[in-house]
file start.txt (compact mmCIF, C-alpha atoms and all ligand atoms)
# COMPACT_ATOMS: atom_id res chain seq x y z
CA MET A 1 118.81 -102.44 216.75
CA LYS A 2 120.70 -105.35 218.30
CA ARG A 3 121.01 -105.82 222.07
CA ILE A 4 124.29 -107.67 222.59
CA LEU A 5 125.85 -109.41 225.60
CA VAL A 6 129.55 -110.36 225.52
CA THR A 7 131.02 -112.91 227.95
CA GLY A 8 134.79 -112.88 228.56
CA ALA A 9 134.77 -109.15 227.80
CA CYS A 10 138.07 -108.55 229.62
CA GLY A 11 139.95 -111.17 227.62
CA GLN A 12 142.30 -110.75 224.68
CA ILE A 13 139.58 -110.91 222.02
CA GLY A 14 136.60 -109.86 224.17
CA SER A 15 138.07 -106.49 225.10
CA GLU A 16 138.58 -105.44 221.48
CA LEU A 17 135.32 -107.00 220.37
CA VAL A 18 133.37 -104.89 222.88
CA LYS A 19 135.03 -101.72 221.57
CA SER A 20 134.23 -102.59 217.99
CA LEU A 21 130.62 -103.64 218.72
CA ARG A 22 130.01 -100.46 220.72
CA GLN A 23 131.24 -98.34 217.83
CA LYS A 24 128.93 -100.20 215.49
CA TYR A 25 125.78 -100.61 217.55
CA GLY A 26 126.11 -97.86 220.17
CA PRO A 27 127.67 -98.22 223.64
CA GLU A 28 124.27 -98.55 225.28
CA ASN A 29 123.48 -101.68 223.24
CA VAL A 30 126.53 -103.77 224.21
CA VAL A 31 126.64 -105.30 227.70
CA ALA A 32 130.15 -106.44 228.68
CA THR A 33 130.53 -109.23 231.26
CA ASP A 34 133.45 -111.07 232.85
CA ILE A 35 134.66 -112.53 236.15
CA LYS A 36 137.80 -110.40 235.88
CA LYS A 37 138.17 -106.84 237.09
CA PRO A 38 137.29 -104.53 234.20
CA SER A 39 139.91 -102.43 232.46
CA ALA A 40 139.80 -98.64 232.87
CA PHE A 41 137.90 -98.44 229.55
CA LEU A 42 135.22 -100.91 230.60
CA LYS A 43 135.02 -99.50 234.10
CA ALA A 44 134.31 -96.06 232.73
CA THR A 45 131.18 -97.38 231.00
CA ASP A 46 128.06 -98.42 232.85
CA GLY A 47 127.59 -101.43 230.57
CA PHE A 48 129.86 -103.76 232.57
CA HIS A 49 128.49 -106.55 234.76
CA TYR A 50 130.29 -109.16 236.81
CA LEU A 51 129.25 -112.56 235.42
CA ASP A 52 130.54 -116.09 236.00
CA VAL A 53 129.42 -118.18 233.01
CA LEU A 54 128.94 -121.11 235.38
CA ASP A 55 126.10 -119.14 236.98
CA ALA A 56 123.20 -119.81 234.61
CA ASP A 57 120.64 -117.97 236.77
CA GLU A 58 122.66 -114.75 236.73
CA LEU A 59 123.16 -115.06 232.98
CA ALA A 60 119.41 -115.53 232.51
CA ARG A 61 118.67 -112.51 234.71
CA LEU A 62 120.99 -110.29 232.67
CA VAL A 63 119.58 -111.54 229.36
CA VAL A 64 116.01 -110.76 230.50
CA GLU A 65 116.75 -107.46 232.22
CA GLU A 66 118.90 -106.15 229.39
CA ASP A 67 116.57 -107.47 226.67
CA ILE A 68 119.45 -109.30 224.97
CA ASP A 69 118.96 -110.78 221.47
CA THR A 70 122.59 -111.63 220.58
CA ILE A 71 125.33 -113.26 222.70
CA PHE A 72 129.04 -113.32 221.82
CA HIS A 73 130.36 -116.04 224.14
CA MET A 74 134.09 -115.41 224.45
CA ALA A 75 134.81 -116.76 227.97
CA ALA A 76 137.03 -119.86 227.79
CA ILE A 77 140.13 -121.55 229.17
CA LEU A 78 142.82 -121.84 226.46
CA SER A 79 145.08 -124.74 225.52
CA ALA A 80 148.15 -124.42 227.77
CA VAL A 81 146.24 -123.70 230.99
CA GLY A 82 143.72 -126.32 229.89
CA GLU A 83 146.46 -128.96 229.93
CA GLN A 84 147.44 -127.95 233.46
CA HIS A 85 143.82 -128.06 234.65
CA PRO A 86 141.88 -130.27 232.21
CA GLN A 87 138.86 -130.81 234.46
CA MET A 88 138.49 -127.08 235.07
CA ALA A 89 138.87 -126.38 231.32
CA TYR A 90 136.15 -128.94 230.58
CA ARG A 91 133.82 -127.40 233.14
CA ILE A 92 134.25 -123.78 232.11
CA ASN A 93 134.31 -124.40 228.37
CA MET A 94 131.50 -126.97 228.20
CA GLU A 95 129.17 -125.92 231.03
CA GLY A 96 129.71 -122.25 230.15
CA LEU A 97 128.65 -122.84 226.55
CA MET A 98 125.74 -125.08 227.56
CA HIS A 99 124.44 -122.34 229.89
CA VAL A 100 124.71 -119.74 227.14
CA LEU A 101 122.84 -121.97 224.66
CA GLU A 102 120.15 -122.98 227.16
CA VAL A 103 119.54 -119.43 228.39
CA ALA A 104 119.43 -118.32 224.75
CA ARG A 105 116.84 -120.98 223.91
CA GLN A 106 114.69 -120.36 226.97
CA LYS A 107 114.76 -116.56 226.84
CA GLY A 108 114.32 -116.09 223.10
CA VAL A 109 117.84 -114.87 222.22
CA ARG A 110 118.10 -114.85 218.43
CA GLN A 111 121.80 -115.45 217.79
CA VAL A 112 124.77 -116.99 219.66
CA ILE A 113 128.29 -116.54 218.34
CA ALA A 114 131.12 -118.44 220.04
CA PRO A 115 134.61 -118.91 218.65
CA SER A 116 136.12 -122.29 217.98
CA SER A 117 139.82 -122.85 217.29
CA ILE A 118 142.44 -124.59 215.16
CA ALA A 119 142.84 -126.71 218.31
CA VAL A 120 139.92 -128.86 217.04
CA PHE A 121 142.45 -130.49 214.71
CA GLY A 122 144.80 -133.20 215.92
CA PRO A 123 147.94 -134.86 214.52
CA ASP A 124 145.95 -136.88 211.94
CA ALA A 125 144.52 -133.81 210.16
CA PRO A 126 146.39 -132.56 207.06
CA LYS A 127 149.07 -130.09 208.18
CA GLU A 128 148.84 -127.74 205.20
CA ASN A 129 145.62 -126.10 204.03
CA THR A 130 143.60 -128.06 206.56
CA PRO A 131 140.02 -128.10 205.28
CA ASP A 132 136.83 -127.45 207.24
CA ASP A 133 135.79 -131.08 207.04
CA THR A 134 138.58 -133.44 208.11
CA PRO A 135 139.20 -135.74 211.12
CA LEU A 136 138.74 -133.83 214.39
CA ASN A 137 140.87 -135.74 216.89
CA PRO A 138 142.42 -133.14 219.20
CA THR A 139 144.99 -134.18 221.80
CA THR A 140 144.31 -131.28 224.21
CA MET A 141 141.35 -130.81 226.55
CA TYR A 142 140.90 -127.36 225.02
CA GLY A 143 140.54 -128.99 221.59
CA VAL A 144 138.14 -131.61 222.97
CA THR A 145 135.89 -128.86 224.38
CA LYS A 146 136.04 -126.91 221.11
CA VAL A 147 135.02 -129.95 219.02
CA ALA A 148 132.19 -130.74 221.45
CA GLY A 149 131.26 -127.04 221.52
CA GLU A 150 130.99 -126.91 217.72
CA LYS A 151 128.75 -129.98 217.75
CA LEU A 152 126.60 -128.56 220.54
CA MET A 153 126.12 -125.31 218.65
CA GLN A 154 125.15 -127.22 215.51
CA TYR A 155 122.70 -129.28 217.58
CA TYR A 156 120.99 -126.15 218.93
CA TYR A 157 120.73 -124.82 215.41
CA LEU A 158 119.21 -128.02 214.02
CA LYS A 159 116.96 -128.83 216.96
CA TYR A 160 115.82 -125.37 218.08
CA ARG A 161 116.70 -123.13 215.10
CA LEU A 162 118.85 -121.00 217.40
CA ASP A 163 121.10 -119.03 215.02
CA THR A 164 124.50 -120.33 216.18
CA ARG A 165 127.68 -119.33 214.33
CA SER A 166 131.37 -119.99 214.90
CA VAL A 167 134.82 -119.35 213.42
CA ARG A 168 137.86 -121.50 214.09
CA PHE A 169 140.40 -118.90 215.11
CA PRO A 170 144.13 -119.42 214.63
CA GLY A 171 146.61 -117.84 217.08
CA ILE A 172 145.60 -114.20 217.54
CA ILE A 173 148.27 -111.50 217.78
CA SER A 174 147.21 -108.24 219.43
CA SER A 175 148.55 -105.18 221.21
CA GLU A 176 145.79 -104.16 223.60
CA THR A 177 145.02 -106.95 226.07
CA ALA A 178 147.53 -109.71 226.80
CA PRO A 179 146.41 -113.23 225.92
CA GLY A 180 146.24 -115.72 228.77
CA GLY A 181 147.03 -119.40 228.85
CA GLY A 182 147.33 -120.18 225.13
CA THR A 183 150.05 -122.01 223.22
CA THR A 184 150.29 -119.19 220.67
CA ASP A 185 150.78 -116.43 223.31
CA PHE A 186 154.56 -116.38 222.58
CA ALA A 187 153.83 -114.45 219.37
CA VAL A 188 152.48 -111.51 221.38
CA ASP A 189 155.33 -111.84 223.92
CA LEU A 190 157.86 -111.47 221.09
CA TYR A 191 156.52 -108.03 220.19
CA VAL A 192 156.15 -106.90 223.81
CA HIS A 193 159.77 -107.81 224.60
CA ALA A 194 161.02 -106.22 221.38
CA VAL A 195 159.46 -102.79 222.10
CA HIS A 196 160.87 -102.92 225.66
CA HIS A 197 164.30 -103.72 224.14
CA GLN A 198 164.47 -106.96 226.07
CA PRO A 199 165.56 -110.34 224.67
CA TYR A 200 162.95 -113.11 224.67
CA THR A 201 163.18 -116.86 225.17
CA ALA A 202 160.47 -118.59 223.17
CA TYR A 203 158.94 -121.85 224.42
CA ILE A 204 158.20 -122.99 220.85
CA ASP A 205 160.94 -124.13 218.46
CA ALA A 206 162.11 -121.53 215.90
CA HIS A 207 160.85 -123.47 212.88
CA THR A 208 157.44 -124.69 214.02
CA PRO A 209 154.80 -123.25 211.67
CA LEU A 210 151.39 -122.24 213.06
CA PRO A 211 148.42 -120.32 211.63
CA PHE A 212 148.07 -116.75 212.92
CA MET A 213 145.86 -113.70 212.48
CA TYR A 214 146.13 -110.05 213.55
CA MET A 215 143.41 -108.87 215.93
CA PRO A 216 141.69 -106.37 213.57
CA ASP A 217 141.15 -109.26 211.15
CA ALA A 218 139.87 -111.52 213.94
CA ILE A 219 137.30 -108.90 214.96
CA LYS A 220 136.38 -108.35 211.34
CA ALA A 221 135.87 -112.10 210.84
CA ILE A 222 133.61 -112.70 213.83
CA VAL A 223 131.50 -109.56 213.28
CA GLN A 224 131.21 -110.23 209.54
CA LEU A 225 130.05 -113.79 210.17
CA ALA A 226 127.54 -112.61 212.78
CA GLU A 227 126.10 -110.14 210.28
CA ALA A 228 126.13 -112.40 207.21
CA ASP A 229 122.75 -113.13 205.68
CA ASP A 230 121.69 -116.58 206.85
CA SER A 231 120.83 -117.60 203.30
CA CYS A 232 124.54 -117.25 202.35
CA LEU A 233 125.75 -119.70 204.99
CA THR A 234 126.37 -123.32 204.03
CA ARG A 235 127.63 -124.32 207.50
CA ARG A 236 127.61 -123.07 211.10
CA VAL A 237 131.38 -123.32 211.74
CA TYR A 238 134.03 -121.87 209.42
CA ASN A 239 137.80 -122.06 209.16
CA VAL A 240 139.43 -118.62 208.85
CA HIS A 241 143.08 -118.09 208.00
CA ALA A 242 145.49 -115.20 207.54
CA MET A 243 149.20 -116.15 207.91
CA ARG A 244 151.32 -119.29 208.27
CA LEU A 245 154.23 -118.23 210.51
CA THR A 246 157.14 -119.76 212.38
CA PRO A 247 158.58 -118.01 215.44
CA ALA A 248 161.76 -117.33 213.42
CA GLU A 249 159.74 -115.58 210.69
CA ILE A 250 158.02 -113.33 213.24
CA VAL A 251 161.41 -112.53 214.81
CA ALA A 252 162.88 -111.66 211.38
CA SER A 253 159.95 -109.33 210.71
CA ILE A 254 160.41 -107.60 214.09
CA GLN A 255 164.15 -107.26 213.41
CA ARG A 256 163.39 -105.29 210.24
CA TYR A 257 162.04 -102.57 212.57
CA ILE A 258 164.04 -103.28 215.75
CA PRO A 259 167.35 -104.81 214.51
CA SER A 260 168.79 -105.26 218.01
CA PHE A 261 165.97 -107.63 219.09
CA GLU A 262 167.21 -111.08 220.10
CA CYS A 263 165.27 -114.29 220.55
CA TYR A 264 166.38 -117.61 222.08
CA TYR A 265 164.51 -120.89 221.95
CA GLU A 266 163.81 -123.31 224.79
CA PRO A 267 160.82 -125.44 223.78
CA ASP A 268 158.74 -126.73 226.71
CA HIS A 269 155.55 -128.82 227.06
CA ARG A 270 153.70 -126.39 224.78
CA GLN A 271 155.85 -127.52 221.82
CA GLN A 272 153.92 -130.79 221.74
CA ILE A 273 150.61 -128.91 221.60
CA ALA A 274 151.88 -126.71 218.74
CA GLU A 275 153.06 -129.78 216.82
CA SER A 276 149.62 -131.36 217.06
CA TRP A 277 148.03 -128.39 215.22
CA PRO A 278 147.94 -127.49 211.51
CA HIS A 279 150.44 -125.18 209.82
CA SER A 280 147.96 -123.46 207.53
CA ILE A 281 144.20 -123.50 207.07
CA ASP A 282 141.94 -123.76 204.05
CA ASP A 283 139.29 -121.07 204.52
CA ARG A 284 137.73 -121.14 201.06
CA ASN A 285 134.21 -121.72 202.43
CA ALA A 286 134.36 -118.53 204.53
CA ARG A 287 135.76 -116.64 201.52
CA ARG A 288 132.98 -117.87 199.28
CA ASP A 289 130.00 -117.71 201.66
CA TRP A 290 130.55 -114.39 203.47
CA ASN A 291 133.39 -112.82 201.58
CA TRP A 292 136.03 -113.31 204.27
CA ARG A 293 139.46 -111.75 203.45
CA PRO A 294 142.19 -110.79 205.93
CA ASP A 295 143.69 -107.30 205.57
CA TYR A 296 147.04 -107.83 207.32
CA ASP A 297 150.18 -109.70 206.24
CA LEU A 298 153.20 -110.27 208.49
CA ASP A 299 155.03 -106.98 207.93
CA GLY A 300 151.80 -104.93 207.97
CA MET A 301 150.97 -106.50 211.32
CA THR A 302 154.49 -105.99 212.68
CA ARG A 303 154.46 -102.29 211.74
CA ASP A 304 151.12 -101.76 213.43
CA MET A 305 151.98 -103.84 216.53
CA ILE A 306 155.23 -101.96 217.11
CA GLU A 307 153.56 -98.59 216.63
CA LYS A 308 150.67 -99.40 219.01
CA LEU A 309 152.84 -101.04 221.69
CA SER A 310 155.38 -98.18 221.53
CA GLN A 311 152.58 -95.65 222.05
CA SER A 312 151.23 -97.58 225.03
CA ILE A 313 154.57 -97.58 226.88
CA GLN A 314 155.30 -93.88 226.35
N1 LIG B 1 145.37 -119.28 220.81
C1 LIG B 1 144.78 -120.51 221.26
C2 LIG B 1 145.70 -121.25 222.14
O1 LIG B 1 146.89 -121.15 221.93
C3 LIG B 1 144.40 -121.37 220.08
O2 LIG B 1 143.05 -121.24 219.83
O3 LIG B 1 145.26 -121.95 222.99
call {"tool": "encode", "arguments": {"input": "start.txt", "output": "C-alpha cells"}}
result
Amino acid sequence: MKRILVTGACGQIGSELVKSLRQKYGPENVVATDIKKPSAFLKATDGFHYLDVLDADELARLVVEEDIDTIFHMAAILSAVGEQHPQMAYRINMEGLMHVLEVARQKGVRQVIAPSSIAVFGPDAPKENTPDDTPLNPTTMYGVTKVAGEKLMQYYYLKYRLDTRSVRFPGIISSETAPGGGTTDFAVDLYVHAVHHQPYTAYIDAHTPLPFMYMPDAIKAIVQLAEADDSCLTRRVYNVHAMRLTPAEIVASIQRYIPSFECYYEPDHRQQIAESWPHSIDDRNARRDWNWRPDYDLDGMTRDMIEKLSQSIQ
C-alpha cells in the first residue's frame, strides 16, 4: 500500500487530488500539507499538516514520521502572480521542488510526481499541436521554473533512479477550489459569474485560443501517469491535452445553459502571457504510452460545472 504526501493540498488541483487519492488508497494513507488554512473537508481529517515547502527539515521529518514513499508536489506560484513577484516565484517553485527531490533521495521515497505546464512553451514553439519535444523558451518566470523543474526531475531520475514523473497541464477548469494567480483563471471565473447571474469582464481577448482541461480529467491524468508501469514510459514528462478553447467559445457554451449570461472583454497584462502559449497540444506520447484519453468536451464540462456550482451556492 502506498504512503502518499501531497504538498499544496489546499490549492485548486491539490484539494481534488487529495480527495481522489484518499478514495483510492484510503484516507489514512494520504497526508495533506499546505501553508494555507485547510478547508472544512481537510480540517475534518487528521491527515493534514502545516508545511512550508521552503522548510526542508520539516518536510524530511514528515516523510520519515509518516513513512512516505510517494510525493505529489503541487505547491507552486502560477504565471500571473509569478510575473508580479518573479523572485518569489523562482524561490518557491525551484527551491520547493529541490527540497522535495532531495528529501526524497535522502529518505528513500520511491516516486515524486510534480506537474509541469504549457507555460514551458514560448512564442517560438508551434502554436497548434505543440509536440513534447520543441523549443522551450518561456517568457514568464513561471515558465522558466517549470522548464528548469522538468530538467531537475529528469536529472534525479537519471542520476539517482528516483522515479520522477510529470504532466504538462493546460489551463484547468474546476468547480471546487478557486484557482489562484494563473493566466487561465478567467475560465473558472466565467462559470462562477454565470451561475450567480452576474456579468463578467474577461482580461483575455475573446478570440485568444488556449489549451484547457476539466478537473476530473486532470486528476485522472496525473494519477494514471503515477500508476503507469515504468516499462511503458518512454519519457518522464508528458504533454496532455483535452480542449482548444477561446473565451468566446466558453461563453457561448455557458449561454446554451444560461442564455442571459453576458461577458465583456478588457485584456490586461495577462493577454501577453496567453499569447506566448500554444493553442493546442500534441499529446500522442501520453496516449500511446499510458493510454491517456480525456473524458470531457466543452459542453460536457459546462453541464457539469453549472450543476456543481449551482449546488454549492444553494
Ligand atoms: N493555469 C496556469 C496558469 O495560468 C498554467 O499552467 O498559470
call {"tool": "axis_aligned_box", "arguments": {"input": "start.txt", "around": "ligand LIG 1 (chain B)", "padding_each_side": "6 Å", "output": "lines of an AutoDock Vina configuration file"}}
result
center_x = 145.0
center_y = -120.6
center_z = 221.4
size_x = 15.8
size_y = 14.7
size_z = 15.2
call {"tool": "atom_distance", "arguments": {"input": "start.txt", "atom1": "atom CA of A:Pro27", "atom2": "atom CA of A:Thr70"}}
result
14.7 Å
call {"tool": "residues_around", "arguments": {"input": "start.txt", "residues": "A:Ala194", "least_positions_apart": "2", "cutoff": "12 Å", "atoms": "only C-alpha atoms", "output": "ChimeraX atom specification"}}
result
/A:187-192,196-201,250-263,302,305-307,309-310
call {"tool": "closest_residue", "arguments": {"input": "start.txt", "among": "A:Asp268, A:Glu58, A:Asp185, A:Asp52", "to": "A:Asn93", "atoms": "all atoms listed in the file"}}
result
A:Asp52
call {"tool": "closest_residue", "arguments": {"input": "start.txt", "among": "A:Met74, A:Met98, A:Ala119, A:Cys232", "to": "ligand LIG 1 (chain B)", "atoms": "all atoms listed in the file"}}
result
A:Ala119
call {"tool": "closest_atom_pairs", "arguments": {"input": "start.txt", "of": "chain A", "to": "ligand LIG 1 (chain B)", "cutoff": "6 Å", "atoms": "all atoms listed in the file", "output": "JSON lines"}}
result
{"residue": "A:Leu78", "atom": "CA", "partner": "B:LIG1", "partner_atom": "O3", "distance": 4.2}
{"residue": "A:Ser79", "atom": "CA", "partner": "B:LIG1", "partner_atom": "O3", "distance": 3.8}
{"residue": "A:Ser117", "atom": "CA", "partner": "B:LIG1", "partner_atom": "O2", "distance": 4.4}
{"residue": "A:Ile118", "atom": "CA", "partner": "B:LIG1", "partner_atom": "O2", "distance": 5.8}
{"residue": "A:Ala119", "atom": "CA", "partner": "B:LIG1", "partner_atom": "O2", "distance": 5.7}
{"residue": "A:Phe169", "atom": "CA", "partner": "B:LIG1", "partner_atom": "O2", "distance": 5.9}
{"residue": "A:Pro170", "atom": "CA", "partner": "B:LIG1", "partner_atom": "O2", "distance": 5.6}
{"residue": "A:Gly171", "atom": "CA", "partner": "B:LIG1", "partner_atom": "N1", "distance": 4.2}
{"residue": "A:Gly182", "atom": "CA", "partner": "B:LIG1", "partner_atom": "O1", "distance": 3.4}
{"residue": "A:Thr183", "atom": "CA", "partner": "B:LIG1", "partner_atom": "O1", "distance": 3.5}
{"residue": "A:Thr184", "atom": "CA", "partner": "B:LIG1", "partner_atom": "O1", "distance": 4.1}
call {"tool": "residues_near_point", "arguments": {"input": "start.txt", "point": "(136.1, -126.3, 215.7)", "cutoff": "12 Å", "atoms": "all atoms listed in the file", "output": "PyMOL selection string"}}
result
chain A and resi 114-122+130-138+142-154+165-170+235-240
call {"tool": "closest_residue", "arguments": {"input": "start.txt", "among": "A:His85, A:His269, A:Arg91, A:Lys24", "to": "A:Gln224", "atoms": "all atoms listed in the file"}}
result
A:Lys24
call {"tool": "closest_residue", "arguments": {"input": "start.txt", "among": "A:Met213, A:Met141, A:Ala44, A:Val109", "to": "A:Ala242", "atoms": "only C-alpha atoms"}}
result
A:Met213
call {"tool": "closest_residue", "arguments": {"input": "start.txt", "among": "A:Met88, A:Ala56, A:Ala274, A:Val6", "to": "A:Ile113", "atoms": "all atoms listed in the file"}}
result
A:Val6
call {"tool": "closest_residue", "arguments": {"input": "start.txt", "among": "A:Trp292, A:Tyr265, A:Tyr214, A:Trp277", "to": "A:Ser175", "atoms": "all atoms listed in the file"}}
result
A:Tyr214
call {"tool": "atom_distance", "arguments": {"input": "start.txt", "atom1": "atom CA of A:Tyr264", "atom2": "atom CA of A:Leu298"}}
result
20.3 Å
call {"tool": "atom_distance", "arguments": {"input": "start.txt", "atom1": "atom CA of A:Ala218", "atom2": "atom CA of A:Leu17"}}
result
9.1 Å
call {"tool": "residues_near_point", "arguments": {"input": "start.txt", "point": "(145.2, -111.9, 228.6)", "cutoff": "7 Å", "atoms": "all atoms listed in the file", "output": "VMD selection string"}}
result
chain A and resid 11 to 12 177 to 180
call {"tool": "residues_around", "arguments": {"input": "start.txt", "residues": "A:Met215", "least_positions_apart": "2", "cutoff": "7 Å", "atoms": "only C-alpha atoms", "output": "PDB file with C-alpha atoms, keeping the file's coordinate frame"}}
result
ATOM      1  CA  ILE A 172     145.600-114.200 217.540  1.00  0.00           C
ATOM      2  CA  ILE A 173     148.270-111.500 217.780  1.00  0.00           C
ATOM      3  CA  SER A 174     147.210-108.240 219.430  1.00  0.00           C
ATOM      4  CA  MET A 213     145.860-113.700 212.480  1.00  0.00           C
ATOM      5  CA  ASP A 217     141.150-109.260 211.150  1.00  0.00           C
ATOM      6  CA  ALA A 218     139.870-111.520 213.940  1.00  0.00           C
ATOM      7  CA  ILE A 219     137.300-108.900 214.960  1.00  0.00           C
TER       8      ILE A 219
END
call {"tool": "decode", "arguments": {"input": "start.txt", "residues": "stretch 109-118 of chain A", "atoms": "all heavy atoms", "output": "mmCIF file, in the first residue's frame"}}
result
data_model
loop_
_atom_site.group_PDB
_atom_site.id
_atom_site.type_symbol
_atom_site.label_atom_id
_atom_site.label_comp_id
_atom_site.auth_asym_id
_atom_site.auth_seq_id
_atom_site.Cartn_x
_atom_site.Cartn_y
_atom_site.Cartn_z
ATOM 1 N N VAL A 109 12.291 7.880 -0.573
ATOM 2 C CA VAL A 109 10.972 7.969 -1.223
ATOM 3 C C VAL A 109 11.109 7.352 -2.618
ATOM 4 O O VAL A 109 12.125 7.534 -3.285
ATOM 5 C CB VAL A 109 10.524 9.452 -1.301
ATOM 6 C CG1 VAL A 109 9.295 9.622 -2.185
ATOM 7 C CG2 VAL A 109 10.256 9.998 0.096
ATOM 8 N N ARG A 110 10.108 6.596 -3.031
ATOM 9 C CA ARG A 110 10.219 5.862 -4.297
ATOM 10 C C ARG A 110 9.866 6.716 -5.509
ATOM 11 O O ARG A 110 10.494 6.653 -6.558
ATOM 12 C CB ARG A 110 9.270 4.655 -4.215
ATOM 13 C CG ARG A 110 9.576 3.523 -5.161
ATOM 14 C CD ARG A 110 8.552 2.420 -5.018
ATOM 15 N NE ARG A 110 7.182 2.899 -5.196
ATOM 16 C CZ ARG A 110 6.615 3.170 -6.357
ATOM 17 N NH1 ARG A 110 7.292 3.014 -7.467
ATOM 18 N NH2 ARG A 110 5.368 3.598 -6.415
ATOM 19 N N GLN A 111 8.793 7.535 -5.359
ATOM 20 C CA GLN A 111 8.278 8.241 -6.537
ATOM 21 C C GLN A 111 7.932 9.696 -6.199
ATOM 22 O O GLN A 111 7.347 9.966 -5.146
ATOM 23 C CB GLN A 111 7.005 7.534 -7.019
ATOM 24 C CG GLN A 111 6.484 8.025 -8.346
ATOM 25 C CD GLN A 111 5.216 7.296 -8.775
ATOM 26 O OE1 GLN A 111 4.230 7.252 -8.049
ATOM 27 N NE2 GLN A 111 5.245 6.728 -9.961
ATOM 28 N N VAL A 112 8.289 10.618 -7.102
ATOM 29 C CA VAL A 112 7.890 12.025 -6.974
ATOM 30 C C VAL A 112 7.153 12.432 -8.244
ATOM 31 O O VAL A 112 7.683 12.288 -9.356
ATOM 32 C CB VAL A 112 9.111 12.957 -6.766
ATOM 33 C CG1 VAL A 112 8.686 14.423 -6.858
ATOM 34 C CG2 VAL A 112 9.784 12.683 -5.425
ATOM 35 N N ILE A 113 5.932 12.928 -8.060
ATOM 36 C CA ILE A 113 5.149 13.420 -9.192
ATOM 37 C C ILE A 113 4.942 14.919 -8.982
ATOM 38 O O ILE A 113 4.469 15.340 -7.920
ATOM 39 C CB ILE A 113 3.771 12.723 -9.281
ATOM 40 C CG1 ILE A 113 3.964 11.217 -9.433
ATOM 41 C CG2 ILE A 113 2.951 13.259 -10.455
ATOM 42 C CD1 ILE A 113 3.688 10.454 -8.200
ATOM 43 N N ALA A 114 5.308 15.720 -9.977
ATOM 44 C CA ALA A 114 5.104 17.168 -9.869
ATOM 45 C C ALA A 114 4.629 17.669 -11.224
ATOM 46 O O ALA A 114 5.232 17.330 -12.255
ATOM 47 C CB ALA A 114 6.395 17.864 -9.467
ATOM 48 N N PRO A 115 3.559 18.454 -11.261
ATOM 49 C CA PRO A 115 3.075 18.896 -12.562
ATOM 50 C C PRO A 115 3.972 19.953 -13.197
ATOM 51 O O PRO A 115 4.519 20.803 -12.507
ATOM 52 C CB PRO A 115 1.698 19.491 -12.244
ATOM 53 C CG PRO A 115 1.745 19.850 -10.814
ATOM 54 C CD PRO A 115 2.734 18.934 -10.152
ATOM 55 N N SER A 116 4.078 19.877 -14.519
ATOM 56 C CA SER A 116 4.635 20.972 -15.294
ATOM 57 C C SER A 116 3.452 21.672 -15.976
ATOM 58 O O SER A 116 2.302 21.507 -15.534
ATOM 59 C CB SER A 116 5.656 20.446 -16.295
ATOM 60 O OG SER A 116 6.261 21.538 -16.967
ATOM 61 N N SER A 117 3.706 22.440 -17.015
ATOM 62 C CA SER A 117 2.652 23.302 -17.564
ATOM 63 C C SER A 117 2.923 23.619 -19.030
ATOM 64 O O SER A 117 4.082 23.586 -19.479
ATOM 65 C CB SER A 117 2.628 24.602 -16.756
ATOM 66 O OG SER A 117 1.936 25.615 -17.444
ATOM 67 N N ILE A 118 1.865 24.006 -19.732
ATOM 68 C CA ILE A 118 2.030 24.537 -21.094
ATOM 69 C C ILE A 118 2.862 25.815 -21.092
ATOM 70 O O ILE A 118 3.300 26.269 -22.145
ATOM 71 C CB ILE A 118 0.665 24.859 -21.733
ATOM 72 C CG1 ILE A 118 -0.150 25.776 -20.799
ATOM 73 C CG2 ILE A 118 -0.094 23.590 -22.055
ATOM 74 C CD1 ILE A 118 -1.202 26.591 -21.509
#
